[in-house]
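Below is coords-v1.cif, holding mmCIF, C-alpha atoms and all ligand atoms.
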data_structure
loop_
_atom_site.group_PDB
_atom_site.id
_atom_site.type_symbol
_atom_site.label_atom_id
_atom_site.label_comp_id
_atom_site.auth_asym_id
_atom_site.auth_seq_id
_atom_site.Cartn_x
_atom_site.Cartn_y
_atom_site.Cartn_z
ATOM 1 C CA MET A 983 0.000 0.000 0.000
ATOM 2 C CA ASN A 984 1.298 3.428 -0.939
ATOM 3 C CA THR A 985 1.789 5.714 2.056
ATOM 4 C CA ASN A 986 2.523 8.955 0.192
ATOM 5 C CA PRO A 987 -0.856 10.746 -0.095
ATOM 6 C CA LYS A 988 -0.033 12.530 -3.358
ATOM 7 C CA ASP A 989 1.162 9.308 -4.992
ATOM 8 C CA GLU A 990 -1.915 7.476 -3.735
ATOM 9 C CA PHE A 991 -4.196 10.196 -5.131
ATOM 10 C CA ILE A 992 -2.491 9.993 -8.532
ATOM 11 C CA GLU A 993 -2.488 6.177 -8.577
ATOM 12 C CA LEU A 994 -6.178 6.032 -7.712
ATOM 13 C CA LEU A 995 -7.039 8.484 -10.485
ATOM 14 C CA ARG A 996 -4.846 6.616 -12.982
ATOM 15 C CA SER A 997 -6.473 3.316 -11.982
ATOM 16 C CA THR A 998 -9.667 4.570 -13.630
ATOM 17 C CA GLY A 999 -7.929 4.508 -17.028
ATOM 18 C CA ARG A 1000 -9.758 7.706 -17.899
ATOM 19 C CA ASP A 1001 -8.339 10.068 -20.545
ATOM 20 C CA GLY A 1002 -6.914 13.324 -19.227
ATOM 21 C CA VAL A 1003 -5.836 12.187 -15.747
ATOM 22 C CA ASP A 1004 -2.257 13.430 -16.168
ATOM 23 C CA ASP A 1005 -3.481 16.744 -17.627
ATOM 24 C CA LEU A 1006 -5.747 17.215 -14.622
ATOM 25 C CA ILE A 1007 -2.950 16.443 -12.144
ATOM 26 C CA ALA A 1008 -0.722 19.037 -13.833
ATOM 27 C CA TYR A 1009 -3.595 21.537 -13.750
ATOM 28 C CA LEU A 1010 -4.140 20.969 -10.004
ATOM 29 C CA ASP A 1011 -0.460 21.753 -9.403
ATOM 30 C CA GLU A 1012 -0.095 24.852 -11.572
ATOM 31 C CA GLY A 1013 -0.646 28.602 -11.252
ATOM 32 C CA ARG A 1014 -2.778 29.630 -8.303
ATOM 33 C CA ASN A 1015 -3.890 26.065 -7.723
ATOM 34 C CA HIS A 1016 -2.117 24.425 -4.791
ATOM 35 C CA PHE A 1017 -4.329 21.400 -4.415
ATOM 36 C CA PHE A 1018 -1.663 19.107 -3.016
ATOM 37 C CA ASN A 1019 -0.580 21.563 -0.278
ATOM 38 C CA ALA A 1020 -3.883 23.236 0.600
ATOM 39 C CA PRO A 1021 -5.666 22.737 3.940
ATOM 40 C CA ALA A 1022 -9.181 21.285 4.001
ATOM 41 C CA SER A 1023 -10.502 24.244 6.016
ATOM 42 C CA VAL A 1024 -9.390 27.212 8.122
ATOM 43 C CA ASN A 1025 -11.105 26.469 11.442
ATOM 44 C CA HIS A 1026 -12.496 22.974 11.116
ATOM 45 C CA HIS A 1027 -11.328 19.591 9.835
ATOM 46 C CA LEU A 1028 -7.731 19.050 8.676
ATOM 47 C CA ASN A 1029 -6.803 22.752 8.807
ATOM 48 C CA HIS A 1030 -3.145 22.198 7.970
ATOM 49 C CA ASP A 1031 -1.019 22.016 4.808
ATOM 50 C CA GLY A 1032 -1.992 18.922 2.826
ATOM 51 C CA GLY A 1033 -5.319 18.629 4.660
ATOM 52 C CA LEU A 1034 -7.357 18.939 1.475
ATOM 53 C CA LEU A 1035 -5.473 16.017 -0.080
ATOM 54 C CA GLU A 1036 -6.001 13.926 3.102
ATOM 55 C CA HIS A 1037 -9.708 14.790 3.119
ATOM 56 C CA SER A 1038 -10.100 13.857 -0.549
ATOM 57 C CA LEU A 1039 -8.487 10.464 0.118
ATOM 58 C CA ASN A 1040 -10.632 9.924 3.224
ATOM 59 C CA VAL A 1041 -13.771 10.592 1.187
ATOM 60 C CA CYS A 1042 -12.576 8.190 -1.507
ATOM 61 C CA HIS A 1043 -11.790 5.432 1.023
ATOM 62 C CA ALA A 1044 -15.185 5.896 2.706
ATOM 63 C CA ALA A 1045 -16.973 5.974 -0.665
ATOM 64 C CA LEU A 1046 -15.328 2.739 -1.844
ATOM 65 C CA LYS A 1047 -16.308 0.956 1.395
ATOM 66 C CA LEU A 1048 -19.846 2.348 1.199
ATOM 67 C CA ARG A 1049 -20.034 1.150 -2.394
ATOM 68 C CA GLU A 1050 -19.148 -2.415 -1.325
ATOM 69 C CA MET A 1051 -21.719 -2.334 1.470
ATOM 70 C CA VAL A 1052 -24.496 -0.961 -0.725
ATOM 71 C CA ILE A 1053 -23.782 -3.461 -3.518
ATOM 72 C CA ALA A 1054 -23.830 -6.341 -0.986
ATOM 73 C CA MET A 1055 -27.301 -5.230 0.095
ATOM 74 C CA ARG A 1056 -28.539 -4.082 -3.321
ATOM 75 C CA PRO A 1057 -26.629 -6.048 -6.032
ATOM 76 C CA ASP A 1058 -28.802 -4.475 -8.735
ATOM 77 C CA LEU A 1059 -27.126 -1.093 -8.063
ATOM 78 C CA GLU A 1060 -23.628 -2.302 -9.016
ATOM 79 C CA PRO A 1061 -23.802 -1.037 -12.632
ATOM 80 C CA ARG A 1062 -24.918 2.374 -11.336
ATOM 81 C CA LEU A 1063 -22.104 2.667 -8.801
ATOM 82 C CA LYS A 1064 -19.078 2.062 -11.003
ATOM 83 C CA ARG A 1065 -15.793 1.946 -9.099
ATOM 84 C CA ASP A 1066 -14.129 4.407 -11.507
ATOM 85 C CA SER A 1067 -16.951 6.918 -11.078
ATOM 86 C CA VAL A 1068 -16.829 6.629 -7.290
ATOM 87 C CA ILE A 1069 -13.074 7.325 -7.337
ATOM 88 C CA ILE A 1070 -13.332 10.293 -9.706
ATOM 89 C CA ALA A 1071 -16.289 11.983 -7.989
ATOM 90 C CA SER A 1072 -14.957 11.491 -4.453
ATOM 91 C CA LEU A 1073 -11.354 12.529 -5.140
ATOM 92 C CA LEU A 1074 -12.375 15.636 -7.073
ATOM 93 C CA HIS A 1075 -15.417 16.857 -5.123
ATOM 94 C CA ASP A 1076 -13.494 19.615 -3.285
ATOM 95 C CA ILE A 1077 -10.854 20.663 -5.855
ATOM 96 C CA CYS A 1078 -12.557 24.089 -5.825
ATOM 97 C CA LYS A 1079 -10.601 24.744 -2.614
ATOM 98 C CA ALA A 1080 -7.229 24.433 -4.378
ATOM 99 C CA ASP A 1081 -6.876 28.181 -4.948
ATOM 100 C CA ILE A 1082 -8.659 29.866 -2.026
ATOM 101 C CA TYR A 1083 -6.294 29.549 0.957
ATOM 102 C CA ARG A 1084 -3.419 31.962 1.630
ATOM 103 C CA PRO A 1085 -0.977 31.291 4.507
ATOM 104 C CA THR A 1086 -0.979 33.953 7.213
ATOM 105 C CA ARG A 1087 -0.325 34.415 10.942
ATOM 106 C CA ARG A 1088 -3.217 34.942 13.324
ATOM 107 C CA LYS A 1089 -3.634 35.695 17.033
ATOM 108 C CA ARG A 1090 -5.511 33.100 19.075
ATOM 109 C CA LYS A 1091 -5.978 32.349 22.751
ATOM 110 C CA ASP A 1092 -4.161 29.236 23.947
ATOM 111 C CA SER A 1093 -5.465 26.748 26.524
ATOM 112 C CA MET A 1094 -4.306 29.100 29.307
ATOM 113 C CA GLY A 1095 -6.250 32.027 27.829
ATOM 114 C CA LEU A 1096 -3.101 33.789 26.642
ATOM 115 C CA TRP A 1097 -2.892 35.366 23.194
ATOM 116 C CA VAL A 1098 -0.403 33.609 20.916
ATOM 117 C CA GLU A 1099 0.398 33.960 17.218
ATOM 118 C CA VAL A 1100 -0.192 30.820 15.140
ATOM 119 C CA ASP A 1101 0.003 29.753 11.499
ATOM 120 C CA SER A 1102 -3.340 30.072 9.767
ATOM 121 C CA TYR A 1103 -4.928 30.900 6.410
ATOM 122 C CA ASP A 1104 -6.861 33.728 4.833
ATOM 123 C CA VAL A 1105 -9.668 32.731 2.484
ATOM 124 C CA ASP A 1106 -9.720 34.460 -0.886
ATOM 125 C CA TYR A 1107 -12.451 33.649 -3.407
ATOM 126 C CA SER A 1108 -11.228 36.164 -6.028
ATOM 127 C CA ASN A 1109 -9.940 33.519 -8.443
ATOM 128 C CA PHE A 1110 -13.081 32.288 -10.254
ATOM 129 C CA PRO A 1111 -15.794 32.888 -7.606
ATOM 130 C CA MET A 1112 -18.209 30.338 -9.084
ATOM 131 C CA GLY A 1113 -19.327 28.638 -5.877
ATOM 132 C CA HIS A 1114 -18.396 25.266 -4.432
ATOM 133 C CA GLY A 1115 -19.528 22.053 -6.133
ATOM 134 C CA GLU A 1116 -20.090 23.793 -9.446
ATOM 135 C CA LYS A 1117 -16.554 25.191 -9.361
ATOM 136 C CA SER A 1118 -15.061 21.745 -8.657
ATOM 137 C CA ALA A 1119 -17.011 20.287 -11.594
ATOM 138 C CA MET A 1120 -15.807 23.009 -13.956
ATOM 139 C CA MET A 1121 -12.221 22.659 -12.792
ATOM 140 C CA ALA A 1122 -12.325 18.926 -13.533
ATOM 141 C CA LEU A 1123 -13.480 19.754 -17.065
ATOM 142 C CA TRP A 1124 -10.977 22.575 -17.531
ATOM 143 C CA GLY A 1125 -8.241 20.320 -16.231
ATOM 144 C CA GLY A 1126 -8.890 18.116 -19.242
ATOM 145 C CA LEU A 1127 -10.434 15.052 -17.614
ATOM 146 C CA ASP A 1128 -12.845 12.929 -19.628
ATOM 147 C CA ILE A 1129 -15.594 13.017 -17.012
ATOM 148 C CA ASP A 1130 -19.133 11.606 -17.135
ATOM 149 C CA GLN A 1131 -22.368 13.473 -16.513
ATOM 150 C CA GLU A 1132 -23.187 11.499 -13.348
ATOM 151 C CA GLU A 1133 -19.722 12.222 -11.953
ATOM 152 C CA LEU A 1134 -20.184 15.945 -12.630
ATOM 153 C CA LEU A 1135 -23.579 15.852 -10.917
ATOM 154 C CA ALA A 1136 -22.203 13.977 -7.887
ATOM 155 C CA ILE A 1137 -19.481 16.628 -7.562
ATOM 156 C CA ARG A 1138 -21.859 19.534 -8.143
ATOM 157 C CA TRP A 1139 -24.378 18.388 -5.556
ATOM 158 C CA HIS A 1140 -22.103 16.799 -2.937
ATOM 159 C CA MET A 1141 -23.154 19.421 -0.358
ATOM 160 C CA THR A 1142 -26.850 18.627 -0.992
ATOM 161 C CA ALA A 1143 -29.197 21.113 0.711
ATOM 162 C CA TRP A 1144 -26.290 22.881 2.490
ATOM 163 C CA ASP A 1145 -25.376 24.378 -0.866
ATOM 164 C CA LEU A 1146 -28.833 25.395 -2.063
ATOM 165 C CA PRO A 1147 -29.297 29.067 -2.868
ATOM 166 C CA MET A 1148 -32.095 30.331 -0.651
ATOM 167 C CA GLN A 1149 -35.557 30.060 -2.206
ATOM 168 C CA SER A 1150 -34.259 28.628 -5.471
ATOM 169 C CA VAL A 1151 -36.899 26.111 -6.513
ATOM 170 C CA GLU A 1152 -34.950 25.281 -9.668
ATOM 171 C CA ALA A 1153 -31.809 24.421 -7.687
ATOM 172 C CA MET A 1154 -33.783 22.284 -5.244
ATOM 173 C CA LYS A 1155 -35.493 20.390 -8.077
ATOM 174 C CA SER A 1156 -32.199 19.917 -9.896
ATOM 175 C CA LEU A 1157 -30.617 18.462 -6.761
ATOM 176 C CA ASN A 1158 -33.522 16.079 -6.163
ATOM 177 C CA THR A 1159 -33.593 15.020 -9.815
ATOM 178 C CA ALA A 1160 -29.837 14.391 -9.864
ATOM 179 C CA ARG A 1161 -30.149 12.204 -6.745
ATOM 180 C CA ASP A 1162 -33.117 10.330 -8.203
ATOM 181 C CA GLN A 1163 -31.224 9.651 -11.426
ATOM 182 C CA HIS A 1164 -27.797 8.819 -10.026
ATOM 183 C CA PRO A 1165 -27.132 6.850 -6.797
ATOM 184 C CA LEU A 1166 -23.540 8.108 -7.091
ATOM 185 C CA CYS A 1167 -24.744 11.535 -5.855
ATOM 186 C CA SER A 1168 -25.946 10.145 -2.527
ATOM 187 C CA LEU A 1169 -22.900 7.903 -2.141
ATOM 188 C CA VAL A 1170 -20.418 10.792 -2.472
ATOM 189 C CA GLN A 1171 -22.483 13.019 -0.183
ATOM 190 C CA LEU A 1172 -22.556 10.309 2.519
ATOM 191 C CA ALA A 1173 -18.829 9.595 2.169
ATOM 192 C CA ASP A 1174 -18.038 13.322 2.493
ATOM 193 C CA GLY A 1175 -20.001 13.458 5.757
ATOM 194 C CA ILE A 1176 -18.363 10.304 7.127
ATOM 195 C CA ALA A 1177 -14.911 11.692 6.324
ATOM 196 C CA ALA A 1178 -15.434 15.246 7.611
ATOM 197 C CA ASN A 1179 -17.456 14.350 10.716
ATOM 198 C CA LEU A 1180 -16.058 10.966 11.776
ATOM 199 C CA LEU A 1181 -12.735 10.063 10.118
ATOM 200 C CA GLU A 1182 -11.479 13.635 10.669
ATOM 201 C CA PHE A 1183 -13.097 14.061 14.086
ATOM 202 C CA GLY A 1184 -10.798 16.087 16.329
ATOM 203 C CA THR A 1185 -8.355 17.053 13.569
ATOM 204 C CA ASP A 1186 -8.879 20.799 13.930
ATOM 205 C CA GLU A 1187 -5.680 22.204 15.353
ATOM 206 C CA ILE A 1188 -7.245 24.940 17.466
ATOM 207 C CA GLU A 1189 -6.353 25.043 21.106
HETATM 208 FE FE FE B 1201 -17.220 20.296 -0.297
HETATM 209 FE FE FE B 1202 -15.483 17.470 1.236
#
Now, as a test, write the supplied structure out as structure tokens.
Ligand SMILES: [Fe+2]
Ligand SMILES: [Fe+2]
Amino acid sequence: MNTNPKDEFIELLRSTGRDGVDDLIAYLDEGRNHFFNAPASVNHHLNHDGGLLEHSLNVCHAALKLREMVIAMRPDLEPRLKRDSVIIASLLHDICKADIYRPTRRKRKDSMGLWVEVDSYDVDYSNFPMGHGEKSAMMALWGGLDIDQEELLAIRWHMTAWDLPMQSVEAMKSLNTARDQHPLCSLVQLADGIAANLLEFGTDEIE
């Protein structure tokens, strides 16, 4: 088993045999994108360099195990939960975060109540402020990956109702329709929650 997270991410993507994987990896590494070094958040789970890569792998591991469990209980869903699609949608669901974090120093109170200066991040949405899931989906396309419609939908809607614009009936209906059409949408959403809330429980480095 490969222990280097970046190598594991690349090997998993390459294992899909999909066209454009190497182009996408180069894209995630270039310009303002720092996917492989970015944190997963500022104040919550995996808020350290490389946290976004760890989170993406956690979601992929959880999604692959969920896939096995669901197929064992519902064998008829196997053709609709293709392993390659699960890997692509789970690994790429949060690539929108690759260009939004800037290292900074910030004052915080330590466990004794004293102010100390710690490493942190500023969040800057100025580079392509398209949103969250929709930005990840577009980046996967721009990166050159040959990606399926159901994979794009699973990425777009991985936040489910947490990402619905207020009072947008069209967005709500699109989300529900995508979930009704593609079990992959629910699988990636569940795996994201398992990773962020359970596998990464207690990984916020705030005293
Ligand atoms: Fe997300
Ligand atoms: Fe996520």
Exercise for the section: Counting only C-alpha atoms, figure out which residue out of A:Arg1014, A:His1026, A:His1075, A:Arg1084 gets nearest to Asn1109 of chain A. Expected result: A:Arg1014
Practice task
Show me which residues sit within 10 Å of ligand FE 1202 (chain B) when counting all atoms listed in the file, and put them as a VMD selection string.
Solution key: chain A and resid 1022 to 1023 1027 1034 1037 to 1041 1072 to 1077 1079 1115 1137 1140 to 1141 1170 to 1171 1173 to 1178
Handout entry: Nearest residue to ligand FE 1201 (chain B) from the set A:Glu1182, A:Asp1162, A:Glu1116, A:Glu1152 (distances using all atoms listed in the file)
Key =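 Answer, going by the shortest atom-to-atom distance: A:Glu1116.
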Practice task
Can you pull out every residue within 12 Å of Met1112 of chain A, counting only C-alpha atoms, but drop anything in the same chain fewer than 6 positions away, and send it as a VMD selection string?
Solution key: chain A and resid 1078 to 1079 1082 1118 to 1121 1138
Exercise for the section: List, as a PyMOL selection string, every residue that the PyMOL selection byres (((chain A and resi 1003) around 12) and not hetatm) selects in the file provided. Expected result: chain A and resi 991-1002+1004-1010+1070+1073-1074+1122-1129
Using all atoms of segment 1068-1086 of chain A listed in the file and a margin of 5 Å per side, can you give the axis-aligned box centre and edge lengths in Å to one decimal, as JSON?
{"center_x": -8.9, "center_y": 20.3, "center_z": -1.2, "size_x": 25.9, "size_y": 37.3, "size_z": 26.9}
Practice task
Name the residues in contact with Ala1143 of chain A at a cut-off of 12 Å, using all atoms listed in the file, excluding same-chain residues fewer than 6 positions from it; report them as a list in words.
Solution key: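 Counting only the stated atoms, we get Gly1115, Gln1149, Ser1150, Val1151, Ala1153, Met1154, Lys1155, Ser1156, Leu1157, Asn1158, Arg1161, Ser1168 and Gln1171 of chain A.
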Exercise for the section: For the structure provided, state which residues fall under the PyMOL selection byres (((chain A and resi 1062) around 8) and not hetatm), and present them as a list in words. Expected result: Leu1059, Glu1060, Pro1061, Leu1063, Lys1064, His1164, Pro1165 and Leu1166 of chain A
My structure is short of atoms at segment 1142-1161 of chain A; please model N, CA and C atoms there, returning them as a PDB file, keeping the file's coordinate frame.
ATOM      1  N   THR A1142     -25.382  18.735  -1.035  1.00  0.00           N
ATOM      2  CA  THR A1142     -26.850  18.627  -0.992  1.00  0.00           C
ATOM      3  C   THR A1142     -27.480  19.952  -0.559  1.00  0.00           C
ATOM      4  N   ALA A1143     -28.430  19.910   0.394  1.00  0.00           N
ATOM      5  CA  ALA A1143     -29.197  21.113   0.711  1.00  0.00           C
ATOM      6  C   ALA A1143     -28.353  22.203   1.355  1.00  0.00           C
ATOM      7  N   TRP A1144     -27.143  21.857   1.881  1.00  0.00           N
ATOM      8  CA  TRP A1144     -26.290  22.881   2.490  1.00  0.00           C
ATOM      9  C   TRP A1144     -25.802  23.877   1.455  1.00  0.00           C
ATOM     10  N   ASP A1145     -25.899  23.518   0.191  1.00  0.00           N
ATOM     11  CA  ASP A1145     -25.376  24.378  -0.866  1.00  0.00           C
ATOM     12  C   ASP A1145     -26.494  24.950  -1.737  1.00  0.00           C
ATOM     13  N   LEU A1146     -27.731  24.874  -1.251  1.00  0.00           N
ATOM     14  CA  LEU A1146     -28.833  25.395  -2.063  1.00  0.00           C
ATOM     15  C   LEU A1146     -28.963  26.900  -1.891  1.00  0.00           C
ATOM     16  N   PRO A1147     -28.988  27.646  -2.996  1.00  0.00           N
ATOM     17  CA  PRO A1147     -29.297  29.067  -2.868  1.00  0.00           C
ATOM     18  C   PRO A1147     -30.682  29.217  -2.250  1.00  0.00           C
ATOM     19  N   MET A1148     -30.813  30.167  -1.332  1.00  0.00           N
ATOM     20  CA  MET A1148     -32.095  30.331  -0.651  1.00  0.00           C
ATOM     21  C   MET A1148     -33.227  30.561  -1.650  1.00  0.00           C
ATOM     22  N   GLN A1149     -34.322  29.874  -1.456  1.00  0.00           N
ATOM     23  CA  GLN A1149     -35.557  30.060  -2.206  1.00  0.00           C
ATOM     24  C   GLN A1149     -35.421  29.730  -3.684  1.00  0.00           C
ATOM     25  N   SER A1150     -34.381  28.998  -4.072  1.00  0.00           N
ATOM     26  CA  SER A1150     -34.259  28.628  -5.471  1.00  0.00           C
ATOM     27  C   SER A1150     -34.940  27.282  -5.713  1.00  0.00           C
ATOM     28  N   VAL A1151     -36.146  27.332  -6.244  1.00  0.00           N
ATOM     29  CA  VAL A1151     -36.899  26.111  -6.513  1.00  0.00           C
ATOM     30  C   VAL A1151     -36.187  25.293  -7.593  1.00  0.00           C
ATOM     31  N   GLU A1152     -35.622  25.975  -8.569  1.00  0.00           N
ATOM     32  CA  GLU A1152     -34.950  25.281  -9.668  1.00  0.00           C
ATOM     33  C   GLU A1152     -33.733  24.498  -9.150  1.00  0.00           C
ATOM     34  N   ALA A1153     -32.972  25.125  -8.244  1.00  0.00           N
ATOM     35  CA  ALA A1153     -31.809  24.421  -7.687  1.00  0.00           C
ATOM     36  C   ALA A1153     -32.260  23.215  -6.864  1.00  0.00           C
ATOM     37  N   MET A1154     -33.300  23.390  -6.070  1.00  0.00           N
ATOM     38  CA  MET A1154     -33.783  22.284  -5.244  1.00  0.00           C
ATOM     39  C   MET A1154     -34.259  21.119  -6.120  1.00  0.00           C
ATOM     40  N   LYS A1155     -34.993  21.445  -7.192  1.00  0.00           N
ATOM     41  CA  LYS A1155     -35.493  20.390  -8.077  1.00  0.00           C
ATOM     42  C   LYS A1155     -34.346  19.725  -8.834  1.00  0.00           C
ATOM     43  N   SER A1156     -33.354  20.500  -9.201  1.00  0.00           N
ATOM     44  CA  SER A1156     -32.199  19.917  -9.896  1.00  0.00           C
ATOM     45  C   SER A1156     -31.471  18.944  -8.982  1.00  0.00           C
ATOM     46  N   LEU A1157     -31.265  19.349  -7.731  1.00  0.00           N
ATOM     47  CA  LEU A1157     -30.617  18.462  -6.761  1.00  0.00           C
ATOM     48  C   LEU A1157     -31.411  17.170  -6.589  1.00  0.00           C
ATOM     49  N   ASN A1158     -32.710  17.283  -6.378  1.00  0.00           N
ATOM     50  CA  ASN A1158     -33.522  16.079  -6.163  1.00  0.00           C
ATOM     51  C   ASN A1158     -33.535  15.189  -7.400  1.00  0.00           C
ATOM     52  N   THR A1159     -33.592  15.806  -8.578  1.00  0.00           N
ATOM     53  CA  THR A1159     -33.593  15.020  -9.815  1.00  0.00           C
ATOM     54  C   THR A1159     -32.265  14.308 -10.003  1.00  0.00           C
ATOM     55  N   ALA A1160     -31.161  15.015  -9.730  1.00  0.00           N
ATOM     56  CA  ALA A1160     -29.837  14.391  -9.864  1.00  0.00           C
ATOM     57  C   ALA A1160     -29.724  13.188  -8.933  1.00  0.00           C
ATOM     58  N   ARG A1161     -30.207  13.325  -7.696  1.00  0.00           N
ATOM     59  CA  ARG A1161     -30.149  12.204  -6.745  1.00  0.00           C
ATOM     60  C   ARG A1161     -31.041  11.046  -7.173  1.00  0.00           C
TER      61      ARG A1161
END
